[in-house]
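Student: File follows, upload-v7.pdb with PDB, C-alpha atoms and all ligand atoms:
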MODEL        1
ATOM      1  CA  MET A   1      81.882 130.193 116.284
ATOM      2  CA  ARG A   2      81.450 126.516 115.492
ATOM      3  CA  LYS A   3      84.365 124.104 115.637
ATOM      4  CA  ILE A   4      84.835 121.976 112.519
ATOM      5  CA  LYS A   5      86.923 118.847 112.015
ATOM      6  CA  GLY A   6      89.019 118.719 108.872
ATOM      7  CA  THR A   7      92.082 117.226 107.175
ATOM      8  CA  VAL A   8      95.204 119.202 106.340
ATOM      9  CA  VAL A   9      95.807 118.762 102.609
ATOM     10  CA  LYS A  10      98.762 121.111 102.158
ATOM     11  CA  VAL A  11     101.302 122.899 104.330
ATOM     12  CA  ASN A  12     103.097 125.967 102.977
ATOM     13  CA  SER A  13     105.262 127.425 105.747
ATOM     14  CA  ASP A  14     102.677 128.640 108.281
ATOM     15  CA  LEU A  15      99.673 128.433 105.974
ATOM     16  CA  TYR A  16      97.556 125.319 106.086
ATOM     17  CA  LYS A  17      94.978 124.226 103.535
ATOM     18  CA  VAL A  18      92.269 122.275 105.319
ATOM     19  CA  ASP A  19      89.590 120.103 103.733
ATOM     20  CA  ILE A  20      86.394 120.427 105.773
ATOM     21  CA  GLY A  21      84.239 118.172 103.633
ATOM     22  CA  ASN A  22      82.337 120.425 101.276
ATOM     23  CA  ASP A  23      85.066 123.064 101.048
ATOM     24  CA  THR A  24      88.739 123.767 101.659
ATOM     25  CA  ILE A  25      89.845 126.736 103.730
ATOM     26  CA  ASP A  26      93.189 128.432 104.287
ATOM     27  CA  CYS A  27      94.074 128.400 107.950
ATOM     28  CA  LYS A  28      96.670 129.605 110.369
ATOM     29  CA  ALA A  29      97.668 127.749 113.494
ATOM     30  CA  LYS A  30      96.872 128.886 116.966
ATOM     31  CA  GLY A  31      99.617 130.138 119.273
ATOM     32  CA  LEU A  32     101.504 127.188 120.646
ATOM     33  CA  LEU A  33     100.832 124.930 117.676
ATOM     34  CA  LYS A  34     102.917 127.250 115.512
ATOM     35  CA  PHE A  35     106.232 126.946 117.216
ATOM     36  CA  LYS A  36     107.241 123.440 116.327
ATOM     37  CA  LYS A  37     107.539 122.986 112.618
ATOM     38  CA  SER A  38     106.563 119.326 112.704
ATOM     39  CA  ASN A  39     103.458 120.061 114.730
ATOM     40  CA  ILE A  40     101.117 120.114 111.785
ATOM     41  CA  ILE A  41     101.820 118.111 108.641
ATOM     42  CA  THR A  42      99.788 117.080 105.612
ATOM     43  CA  GLY A  43      97.299 114.383 106.556
ATOM     44  CA  ASP A  44      96.753 115.680 110.061
ATOM     45  CA  VAL A  45      93.198 115.658 111.320
ATOM     46  CA  VAL A  46      92.549 119.019 112.969
ATOM     47  CA  GLU A  47      89.883 121.063 114.656
ATOM     48  CA  VAL A  48      89.290 124.440 113.097
ATOM     49  CA  LYS A  49      87.469 127.464 114.465
ATOM     50  CA  GLY A  50      87.003 130.167 111.855
ATOM     51  CA  ASP A  51      90.323 130.037 110.000
ATOM     52  CA  VAL A  52      92.420 128.976 112.968
ATOM     53  CA  ILE A  53      93.611 125.442 113.703
ATOM     54  CA  GLU A  54      93.066 124.931 117.413
ATOM     55  CA  LYS A  55      93.810 121.272 117.854
ATOM     56  CA  VAL A  56      95.671 118.428 116.127
ATOM     57  CA  TYR A  57      94.284 114.945 116.709
ATOM     58  CA  GLU A  58      96.560 112.065 117.555
ATOM     59  CA  ARG A  59      98.142 110.497 114.459
ATOM     60  CA  LYS A  60      97.623 106.871 113.555
ATOM     61  CA  ASN A  61     100.981 106.952 111.778
ATOM     62  CA  GLU A  62     103.518 109.434 110.566
ATOM     63  CA  PHE A  63     106.257 109.453 107.930
ATOM     64  CA  ILE A  64     109.182 111.827 107.865
ATOM     65  CA  ARG A  65     109.944 111.324 104.203
ATOM     66  CA  PRO A  66     107.590 112.136 102.656
ATOM     67  CA  SER A  67     106.274 114.206 105.538
ATOM     68  CA  ILE A  68     102.724 112.937 105.921
ATOM     69  CA  ALA A  69     100.414 111.554 108.602
ATOM     70  CA  ASN A  70      97.512 109.135 108.786
ATOM     71  CA  ILE A  71      97.970 107.254 105.526
ATOM     72  CA  ASP A  72      96.505 103.823 104.746
ATOM     73  CA  GLN A  73      98.711 102.954 101.826
ATOM     74  CA  LEU A  74     102.060 103.804 100.284
ATOM     75  CA  VAL A  75     102.505 103.533  96.526
ATOM     76  CA  ILE A  76     106.224 103.175  95.899
ATOM     77  CA  VAL A  77     106.858 104.342  92.360
ATOM     78  CA  VAL A  78     109.828 103.044  90.371
ATOM     79  CA  ALA A  79     110.490 103.846  86.710
ATOM     80  CA  THR A  80     111.665 101.175  84.263
ATOM     81  CA  THR A  81     114.266 103.702  83.125
ATOM     82  CA  ASN A  82     114.939 107.445  83.279
ATOM     83  CA  PRO A  83     115.662 107.191  86.203
ATOM     84  CA  SER A  84     116.449 103.470  86.326
ATOM     85  CA  PRO A  85     115.253 101.458  89.338
ATOM     86  CA  ASP A  86     117.104 102.026  92.581
ATOM     87  CA  MET A  87     116.682  98.734  94.416
ATOM     88  CA  GLU A  88     118.091 100.002  97.696
ATOM     89  CA  LEU A  89     115.656 102.873  97.699
ATOM     90  CA  LEU A  90     112.771 100.537  96.919
ATOM     91  CA  ASP A  91     113.704  98.160  99.744
ATOM     92  CA  LYS A  92     114.225 100.986 102.231
ATOM     93  CA  GLN A  93     110.763 102.311 101.505
ATOM     94  CA  LEU A  94     109.247  98.836 101.793
ATOM     95  CA  ILE A  95     110.962  98.445 105.163
ATOM     96  CA  MET A  96     109.491 101.746 106.353
ATOM     97  CA  ALA A  97     106.003 100.720 105.208
ATOM     98  CA  GLU A  98     106.354  97.392 107.047
ATOM     99  CA  LYS A  99     107.667  99.108 110.156
ATOM    100  CA  LYS A 100     104.720 101.507 110.204
ATOM    101  CA  ASN A 101     102.190  98.865 109.271
ATOM    102  CA  VAL A 102     101.100 100.698 106.148
ATOM    103  CA  MET A 103     100.110  98.691 103.086
ATOM    104  CA  PRO A 104     102.762  99.045 100.366
ATOM    105  CA  LEU A 105     101.962  98.827  96.660
ATOM    106  CA  ILE A 106     104.748  98.860  94.082
ATOM    107  CA  CYS A 107     104.066 100.804  90.898
ATOM    108  CA  ILE A 108     106.444 100.275  88.000
ATOM    109  CA  ASN A 109     105.946 103.271  85.723
ATOM    110  CA  LYS A 110     107.258 104.236  82.277
ATOM    111  CA  ILE A 111     106.659 100.779  80.830
ATOM    112  CA  ASP A 112     106.506 102.462  77.411
ATOM    113  CA  LEU A 113     110.234 103.246  77.637
ATOM    114  CA  SER A 114     111.642  99.798  78.397
ATOM    115  CA  ASN A 115     110.361  96.246  78.602
ATOM    116  CA  GLU A 116     113.007  95.024  80.989
ATOM    117  CA  TYR A 117     110.970  94.988  84.155
ATOM    118  CA  GLU A 118     109.623  91.420  84.305
ATOM    119  CA  GLU A 119     112.325  90.313  86.767
ATOM    120  CA  LEU A 120     111.417  93.146  89.070
ATOM    121  CA  VAL A 121     107.720  92.272  88.947
ATOM    122  CA  LYS A 122     108.443  88.586  89.567
ATOM    123  CA  THR A 123     110.836  89.181  92.459
ATOM    124  CA  TYR A 124     108.414  91.348  94.400
ATOM    125  CA  GLU A 125     105.240  89.439  93.543
ATOM    126  CA  LYS A 126     106.940  86.289  94.806
ATOM    127  CA  ILE A 127     107.484  87.985  98.159
ATOM    128  CA  GLY A 128     103.766  88.729  98.257
ATOM    129  CA  TYR A 129     103.748  92.391  97.293
ATOM    130  CA  GLN A 130     101.154  93.763  94.925
ATOM    131  CA  VAL A 131     102.777  95.198  91.802
ATOM    132  CA  VAL A 132     101.084  97.321  89.139
ATOM    133  CA  THR A 133     102.729  98.391  85.901
ATOM    134  CA  THR A 134     101.829 101.730  84.335
ATOM    135  CA  ASP A 135     102.577 104.136  81.531
ATOM    136  CA  ALA A 136     101.406 107.474  82.890
ATOM    137  CA  LYS A 137     102.088 109.170  79.571
ATOM    138  CA  ASN A 138      99.457 107.120  77.759
ATOM    139  CA  GLY A 139      97.257 106.153  80.705
ATOM    140  CA  ILE A 140      98.099 102.450  80.552
ATOM    141  CA  GLY A 141      97.495 100.549  83.808
ATOM    142  CA  VAL A 142      96.128 103.625  85.537
ATOM    143  CA  GLU A 143      92.658 102.110  85.907
ATOM    144  CA  LYS A 144      94.192  99.131  87.671
ATOM    145  CA  LEU A 145      96.133 101.491  89.932
ATOM    146  CA  ALA A 146      92.927 103.435  90.651
ATOM    147  CA  SER A 147      91.207 100.242  91.767
ATOM    148  CA  PHE A 148      93.567 100.074  94.762
ATOM    149  CA  LEU A 149      92.795 103.570  95.966
ATOM    150  CA  ASN A 150      89.109 103.501  96.961
ATOM    151  CA  ASN A 151      88.317 104.680 100.481
ATOM    152  CA  LYS A 152      91.966 105.013 101.396
ATOM    153  CA  ILE A 153      94.468 107.770 101.928
ATOM    154  CA  THR A 154      97.399 106.863  99.703
ATOM    155  CA  ALA A 155     100.756 108.586  99.400
ATOM    156  CA  PHE A 156     102.918 108.274  96.293
ATOM    157  CA  THR A 157     106.616 108.125  96.953
ATOM    158  CA  GLY A 158     109.800 107.493  95.007
ATOM    159  CA  ASN A 159     112.758 109.373  93.628
ATOM    160  CA  SER A 160     112.506 112.488  91.547
ATOM    161  CA  GLY A 161     111.360 111.962  87.973
ATOM    162  CA  VAL A 162     109.750 108.513  88.317
ATOM    163  CA  GLY A 163     106.335 109.995  87.467
ATOM    164  CA  LYS A 164     104.441 110.528  90.721
ATOM    165  CA  SER A 165     102.918 113.777  89.469
ATOM    166  CA  ALA A 166     102.225 112.305  86.020
ATOM    167  CA  LEU A 167     100.318 109.435  87.690
ATOM    168  CA  THR A 168      98.435 111.901  89.880
ATOM    169  CA  ASN A 169      97.442 113.934  86.818
ATOM    170  CA  ASN A 170      96.398 110.819  84.978
ATOM    171  CA  LEU A 171      94.206 109.679  87.859
ATOM    172  CA  PHE A 172      92.428 113.038  87.704
ATOM    173  CA  ASN A 173      92.485 113.292  83.937
ATOM    174  CA  ASP A 174      93.645 116.840  84.505
ATOM    175  CA  THR A 175      96.829 118.738  85.336
ATOM    176  CA  VAL A 176      96.557 119.055  89.100
ATOM    177  CA  SER A 177     100.297 118.820  89.728
ATOM    178  CA  GLU A 178     103.198 120.103  87.660
ATOM    179  CA  GLU A 179     105.441 117.561  85.932
ATOM    180  CA  GLY A 180     109.148 118.055  85.414
ATOM    181  CA  GLU A 181     111.819 116.947  83.022
ATOM    182  CA  VAL A 182     114.292 114.165  83.577
ATOM    183  CA  SER A 183     117.829 114.985  82.510
ATOM    184  CA  GLU A 184     118.906 112.575  79.736
ATOM    185  CA  LYS A 185     122.484 112.633  80.881
ATOM    186  CA  SER A 186     122.241 112.156  84.622
ATOM    187  CA  GLU A 187     118.846 110.377  84.538
ATOM    188  CA  ARG A 188     117.824 112.624  87.388
ATOM    189  CA  GLY A 189     114.556 114.369  87.962
ATOM    190  CA  LYS A 190     114.460 118.059  88.737
ATOM    191  CA  HIS A 191     112.615 117.959  92.063
ATOM    192  CA  THR A 192     109.602 119.613  90.512
ATOM    193  CA  THR A 193     107.062 118.859  93.253
ATOM    194  CA  LYS A 194     107.837 120.973  96.310
ATOM    195  CA  PHE A 195     104.969 120.185  98.676
ATOM    196  CA  VAL A 196     103.241 117.138 100.001
ATOM    197  CA  GLU A 197      99.690 117.682  98.845
ATOM    198  CA  LEU A 198      96.596 115.556  99.242
ATOM    199  CA  TYR A 199      94.122 115.506  96.378
ATOM    200  CA  LYS A 200      90.584 114.316  96.918
ATOM    201  CA  ILE A 201      89.319 111.782  94.396
ATOM    202  CA  ALA A 202      86.051 111.178  96.276
ATOM    203  CA  PRO A 203      84.937 111.511  99.896
ATOM    204  CA  GLY A 204      87.300 109.268 101.856
ATOM    205  CA  THR A 205      89.586 108.687  98.869
ATOM    206  CA  TYR A 206      92.689 110.836  98.734
ATOM    207  CA  ILE A 207      96.064 110.597  97.037
ATOM    208  CA  ALA A 208      99.144 112.546  98.012
ATOM    209  CA  ASP A 209     101.685 113.674  95.490
ATOM    210  CA  THR A 210     104.993 114.218  97.236
ATOM    211  CA  PRO A 211     108.438 115.633  96.462
ATOM    212  CA  GLY A 212     110.851 113.011  95.160
ATOM    213  CA  PHE A 213     114.297 112.455  96.559
ATOM    214  CA  SER A 214     117.660 111.250  95.380
ATOM    215  CA  THR A 215     118.843 109.843  98.689
ATOM    216  CA  TYR A 216     116.838 108.290 101.454
ATOM    217  CA  GLU A 217     117.828 107.739 105.038
ATOM    218  CA  ILE A 218     115.996 105.748 107.615
ATOM    219  CA  GLN A 219     116.018 106.278 111.330
ATOM    220  CA  ASP A 220     114.439 104.366 114.160
ATOM    221  CA  ILE A 221     115.077 100.849 112.907
ATOM    222  CA  SER A 222     117.381  98.642 114.930
ATOM    223  CA  CYS A 223     119.481  95.923 113.351
ATOM    224  CA  THR A 224     117.691  93.278 115.424
ATOM    225  CA  GLU A 225     114.290  94.079 113.947
ATOM    226  CA  LEU A 226     115.503  94.451 110.358
ATOM    227  CA  ASP A 227     115.149  90.760 109.447
ATOM    228  CA  LYS A 228     111.418  90.747 110.208
ATOM    229  CA  LEU A 229     110.906  93.764 107.961
ATOM    230  CA  PHE A 230     112.202  91.685 105.037
ATOM    231  CA  ILE A 231     108.931  89.785 105.220
ATOM    232  CA  GLU A 232     110.009  86.806 103.091
ATOM    233  CA  PHE A 233     112.730  86.000 105.673
ATOM    234  CA  ILE A 234     110.172  85.411 108.427
ATOM    235  CA  PRO A 235     109.403  81.723 107.699
ATOM    236  CA  PHE A 236     113.133  80.907 107.827
ATOM    237  CA  ILE A 237     114.209  82.929 110.877
ATOM    238  CA  GLY A 238     113.093  80.288 113.382
ATOM    239  CA  ASN A 239     115.248  77.631 111.712
ATOM    240  CA  CYS A 240     118.573  79.385 112.277
ATOM    241  CA  GLU A 241     120.805  77.551 114.740
ATOM    242  CA  PHE A 242     121.375  80.611 116.901
ATOM    243  CA  ARG A 243     118.601  82.536 118.477
ATOM    244  CA  GLY A 244     119.152  86.172 117.572
ATOM    245  CA  CYS A 245     121.057  85.098 114.456
ATOM    246  CA  SER A 246     122.002  88.170 112.405
ATOM    247  CA  HIS A 247     121.953  86.048 109.211
ATOM    248  CA  ILE A 248     125.289  87.488 108.159
ATOM    249  CA  LYS A 249     128.110  85.167 109.188
ATOM    250  CA  GLU A 250     126.654  82.661 111.644
ATOM    251  CA  ARG A 251     126.900  78.926 111.019
ATOM    252  CA  LYS A 252     123.731  77.109 110.008
ATOM    253  CA  CYS A 253     121.815  80.213 109.145
ATOM    254  CA  ALA A 254     118.510  79.253 107.526
ATOM    255  CA  VAL A 255     118.020  82.683 105.966
ATOM    256  CA  ARG A 256     121.385  82.698 104.206
ATOM    257  CA  GLN A 257     120.844  79.088 103.150
ATOM    258  CA  ALA A 258     117.473  80.061 101.661
ATOM    259  CA  ALA A 259     119.166  82.872  99.726
ATOM    260  CA  GLU A 260     121.849  80.487  98.465
ATOM    261  CA  ASP A 261     119.138  78.036  97.407
ATOM    262  CA  ARG A 262     117.331  80.963  95.737
ATOM    263  CA  LYS A 263     114.248  80.451  97.877
ATOM    264  CA  ILE A 264     114.885  84.063  98.838
ATOM    265  CA  ASP A 265     115.983  86.528  96.166
ATOM    266  CA  PHE A 266     119.728  86.915  96.537
ATOM    267  CA  GLY A 267     119.678  90.624  95.737
ATOM    268  CA  ARG A 268     117.260  91.235  98.598
ATOM    269  CA  TYR A 269     119.472  89.205 100.921
ATOM    270  CA  ALA A 270     122.559  91.173  99.857
ATOM    271  CA  ARG A 271     120.764  94.456 100.530
ATOM    272  CA  TYR A 272     119.675  93.144 103.931
ATOM    273  CA  CYS A 273     123.336  92.495 104.780
ATOM    274  CA  LYS A 274     124.346  95.958 103.644
ATOM    275  CA  PHE A 275     121.573  97.704 105.581
ATOM    276  CA  TYR A 276     122.360  95.613 108.664
ATOM    277  CA  GLU A 277     126.006  96.671 108.639
ATOM    278  CA  ASN A 278     125.042 100.293 108.044
ATOM    279  CA  ILE A 279     122.660 100.349 110.974
ATOM    280  CA  LYS A 280     125.202  98.623 113.167
ATOM    281  CA  GLU A 281     127.900 101.107 112.333
ATOM    282  CA  ASN A 282     125.273 103.763 112.853
ATOM    283  CA  LYS A 283     126.071 105.136 109.481
ATOM    284  CA  LYS A 284     123.628 107.146 107.481
ATOM    285  CA  TRP A 285     121.782 104.989 105.006
TER     286      TRP A 285
HETATM  287  N1  LIG B   1     107.397 108.159  78.580
HETATM  288  C1  LIG B   1     106.900 108.355  79.798
HETATM  289  N2  LIG B   1     107.151 109.498  80.459
HETATM  290  C2  LIG B   1     106.639 109.656  81.694
HETATM  291  C3  LIG B   1     105.838 108.662  82.312
HETATM  292  N3  LIG B   1     105.485 109.102  83.547
HETATM  293  C4  LIG B   1     106.043 110.320  83.686
HETATM  294  N4  LIG B   1     106.728 110.661  82.574
HETATM  295  C5  LIG B   1     107.492 111.900  82.350
HETATM  296  O1  LIG B   1     108.619 111.897  83.216
HETATM  297  C6  LIG B   1     108.921 113.217  83.680
HETATM  298  C7  LIG B   1     108.929 113.253  85.205
HETATM  299  O2  LIG B   1     107.619 112.995  85.683
HETATM  300  P1  LIG B   1     107.038 113.649  87.010
HETATM  301  O3  LIG B   1     105.651 113.177  87.139
HETATM  302  O4  LIG B   1     107.295 115.102  87.025
HETATM  303  O5  LIG B   1     107.966 112.944  88.100
HETATM  304  P2  LIG B   1     107.865 113.066  89.700
HETATM  305  O6  LIG B   1     108.047 111.697  90.233
HETATM  306  O7  LIG B   1     106.635 113.779  90.064
HETATM  307  O8  LIG B   1     109.157 113.944  90.031
HETATM  308  P3  LIG B   1     109.398 114.982  91.272
HETATM  309  O9  LIG B   1     108.231 115.871  91.418
HETATM  310  O10 LIG B   1     110.641 115.707  90.903
HETATM  311  O11 LIG B   1     109.616 114.118  92.479
HETATM  312  C8  LIG B   1     107.851 114.110  83.055
HETATM  313  O12 LIG B   1     108.383 114.679  81.881
HETATM  314  C9  LIG B   1     106.729 113.159  82.740
HETATM  315  O13 LIG B   1     105.900 113.603  81.705
HETATM  316  C10 LIG B   1     105.597 107.444  81.586
HETATM  317  O14 LIG B   1     104.929 106.503  82.040
HETATM  318  N5  LIG B   1     106.149 107.355  80.343
HETATM  319 MG    MG B   2     106.302 115.529  91.044
HETATM  320 ZN    ZN B   3     120.169  83.300 110.418
ENDMDL
END
Rewrite the structure from the file as structure tokens, please.
Ligand SMILES: Nc1nc2c(ncn2[C@@H]2O[C@H](COP(=O)(O)OP(=O)(O)OP(=O)(O)O)[C@@H](O)[C@H]2O)c(=O)[nH]1
Ligand SMILES: [Mg+2]
Ligand SMILES: [Zn+2]
Tutor:
Amino acid sequence: MRKIKGTVVKVNSDLYKVDIGNDTIDCKAKGLLKFKKSNIITGDVVEVKGDVIEKVYERKNEFIRPSIANIDQLVIVVATTNPSPDMELLDKQLIMAEKKNVMPLICINKIDLSNEYEELVKTYEKIGYQVVTTDAKNGIGVEKLASFLNNKITAFTGNSGVGKSALTNNLFNDTVSEEGEVSEKSERGKHTTKFVELYKIAPGTYIADTPGFSTYEIQDISCTELDKLFIEFIPFIGNCEFRGCSHIKERKCAVRQAAEDRKIDFGRYARYCKFYENIKENKKW
């Protein structure tokens, strides 16, 4: 039997859906590959013989939340309201994208429900991030969003109810993924999407809809590397008086000075300080 190379597009316990180019097939994993749960995740490039995955190729990157491998881009979705923007969550996800060298794109969705998002756009565009604004209900801005996706594997991420599945459906002009309600009272989504699933827009162009979350923890980032992951701090870091300055309480700290002078957004600086302390105390984020 011939061996075929493919991409895992969905994992459902020990069943794997594999895209082999002109078709998708349901596969099992061979012997040893089965035992560790994290051994095969969505996005993995695998070698298949018949309907058995025999080999997993080395990953170019890997995210734990959402659980996906080999992505080129991360679209971090935030809603203008319902649920309202969680700035800590946004910054944590940006930090993870920076750490893993994956291109982040910020998508502000539900612009039909509120027009108070200009500050958010300005703050992040000033840093240098690309921001798109969308209304997935009426298809506004979706073409612009689509223009960033060509020939890339992109994962959508963000808390439950922000509209990741609605955006996915809009990009396909079809219901490929179920959408859920957002509770009016708690402003919380209902965790409708249960699996990380890659959808093929064209050969080489995939998007992943992923389960949302309400909390987000980050591992594997040390407090000494955190400042460089807030990319707008980088030009100032070298001007601090102390080498290895933590930018929290040191004298003559160029980063804090820049925040006080509003050359750096003060909210971002405040979140940096909070994350720094959390990492240092080894607390969960
Ligand atoms: N008015 C409005 N409603 C939207 C928009 N985008 C999504 N919705 C609605 O918001 C609700 C939640 O959207 P989903 O797409 O299910 O959210 P999700 O991010 O996939 O949520 P999880 O799967 O739980 O992580 C649904 O009722 C959508 O129809 C938008 O731009 N405007
Ligand atoms: Mg969803
Ligand atoms: Zn400093």
Student: Tell me which residues come within 12 Å of (111.6, 92.8, 89.0), as a ChimeraX atom specification, counting all atoms listed in the file in the file's coordinates.
Tutor: /A:78-80,85-87,90,106-108,115-127,129,131-133,265,267-268
Student: How far is it from CA of Ile264 (chain A) to CA of Phe236 (chain A), in Å with one decimal?
Tutor: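 Result for CA of Ile264 (chain A) versus CA of Phe236 (chain A): 9.7 Å, one decimal.
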Student: Could the residues that lie within 8 Å of ligand MG 2 (chain B), counting only C-alpha atoms and all ligand atoms, be listed as a list in words?
Tutor: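 So the residues close to ligand MG 2 (chain B) are Ser160, Gly161, Gly163, Lys164, Ser165, Ala166, Ser177, Glu178, Glu179, Gly180, His191, Thr192, Thr193, Lys194, Asp209, Thr210, Pro211 and Gly212 of chain A.
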Student: Given the file above and the PyMOL selection byres (((not hetatm)) within 12 of (chain B and resi 3)), which residues are selected, and can you give them as number ranges by chain?
Tutor: A: 224, 227-228, 233-259, 269, 272-273
Student: Those same residues - C-alpha atoms - I'd like them written as a JSON list (two decimals), in the coordinates of the input.
Tutor:
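Dumped everything to result12.json:
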[["chain", "number", "residue", "atom", "x", "y", "z"],
["A", 224, "THR", "CA", 117.69, 93.28, 115.42],
["A", 227, "ASP", "CA", 115.15, 90.76, 109.45],
["A", 228, "LYS", "CA", 111.42, 90.75, 110.21],
["A", 233, "PHE", "CA", 112.73, 86.00, 105.67],
["A", 234, "ILE", "CA", 110.17, 85.41, 108.43],
["A", 235, "PRO", "CA", 109.40, 81.72, 107.70],
["A", 236, "PHE", "CA", 113.13, 80.91, 107.83],
["A", 237, "ILE", "CA", 114.21, 82.93, 110.88],
["A", 238, "GLY", "CA", 113.09, 80.29, 113.38],
["A", 239, "ASN", "CA", 115.25, 77.63, 111.71],
["A", 240, "CYS", "CA", 118.57, 79.39, 112.28],
["A", 241, "GLU", "CA", 120.80, 77.55, 114.74],
["A", 242, "PHE", "CA", 121.38, 80.61, 116.90],
["A", 243, "ARG", "CA", 118.60, 82.54, 118.48],
["A", 244, "GLY", "CA", 119.15, 86.17, 117.57],
["A", 245, "CYS", "CA", 121.06, 85.10, 114.46],
["A", 246, "SER", "CA", 122.00, 88.17, 112.40],
["A", 247, "HIS", "CA", 121.95, 86.05, 109.21],
["A", 248, "ILE", "CA", 125.29, 87.49, 108.16],
["A", 249, "LYS", "CA", 128.11, 85.17, 109.19],
["A", 250, "GLU", "CA", 126.65, 82.66, 111.64],
["A", 251, "ARG", "CA", 126.90, 78.93, 111.02],
["A", 252, "LYS", "CA", 123.73, 77.11, 110.01],
["A", 253, "CYS", "CA", 121.82, 80.21, 109.14],
["A", 254, "ALA", "CA", 118.51, 79.25, 107.53],
["A", 255, "VAL", "CA", 118.02, 82.68, 105.97],
["A", 256, "ARG", "CA", 121.38, 82.70, 104.21],
["A", 257, "GLN", "CA", 120.84, 79.09, 103.15],
["A", 258, "ALA", "CA", 117.47, 80.06, 101.66],
["A", 259, "ALA", "CA", 119.17, 82.87, 99.73],
["A", 269, "TYR", "CA", 119.47, 89.20, 100.92],
["A", 272, "TYR", "CA", 119.68, 93.14, 103.93],
["A", 273, "CYS", "CA", 123.34, 92.50, 104.78]]
Student: Would you please work out which residue, of A:Thr7, A:Asn61, A:Asn170, A:Thr42, is nearest to ligand LIG 1 (chain B) when using all atoms listed in the file?
Tutor: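 Of the candidates, the smallest distance to ligand LIG 1 (chain B) is held by A:Asn170.
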Student: Could you write out as AutoDock Vina command-line options the box around ligand LIG 1 (chain B) (axis-aligned, all atoms listed in the file, 4 Å on each side), with centre and edge lengths in Å to one decimal?
Tutor:
--center_x 107.8 --center_y 111.2 --center_z 85.5 --size_x 13.7 --size_y 17.4 --size_z 21.9
Student: Need the neighbours of (92.1, 111.3, 87.9): which residues are at most 12 Å away, counting all atoms listed in the file, as a list in words?
Tutor: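 Here is the list of nearby residues: Ala136, Gly139, Val142, Glu143, Leu145, Ala146, Ser147, Leu149, Ser165, Ala166, Leu167, Thr168, Asn169, Asn170, Leu171, Phe172, Asn173, Asp174, Thr175, Val176, Ser177, Tyr199, Lys200, Ile201, Ala202, Thr205, Tyr206 and Ile207 of chain A.
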Student: Keeping C-alpha atoms, export the residues of the selection given above as a tab-separated table (two decimals), in the frame of the given file.
Tutor:
chain	number	residue	atom	x	y	z
A	136	ALA	CA	101.41	107.47	82.89
A	139	GLY	CA	97.26	106.15	80.70
A	142	VAL	CA	96.13	103.62	85.54
A	143	GLU	CA	92.66	102.11	85.91
A	145	LEU	CA	96.13	101.49	89.93
A	146	ALA	CA	92.93	103.44	90.65
A	147	SER	CA	91.21	100.24	91.77
A	149	LEU	CA	92.80	103.57	95.97
A	165	SER	CA	102.92	113.78	89.47
A	166	ALA	CA	102.22	112.30	86.02
A	167	LEU	CA	100.32	109.44	87.69
A	168	THR	CA	98.44	111.90	89.88
A	169	ASN	CA	97.44	113.93	86.82
A	170	ASN	CA	96.40	110.82	84.98
A	171	LEU	CA	94.21	109.68	87.86
A	172	PHE	CA	92.43	113.04	87.70
A	173	ASN	CA	92.48	113.29	83.94
A	174	ASP	CA	93.64	116.84	84.50
A	175	THR	CA	96.83	118.74	85.34
A	176	VAL	CA	96.56	119.06	89.10
A	177	SER	CA	100.30	118.82	89.73
A	199	TYR	CA	94.12	115.51	96.38
A	200	LYS	CA	90.58	114.32	96.92
A	201	ILE	CA	89.32	111.78	94.40
A	202	ALA	CA	86.05	111.18	96.28
A	205	THR	CA	89.59	108.69	98.87
A	206	TYR	CA	92.69	110.84	98.73
A	207	ILE	CA	96.06	110.60	97.04
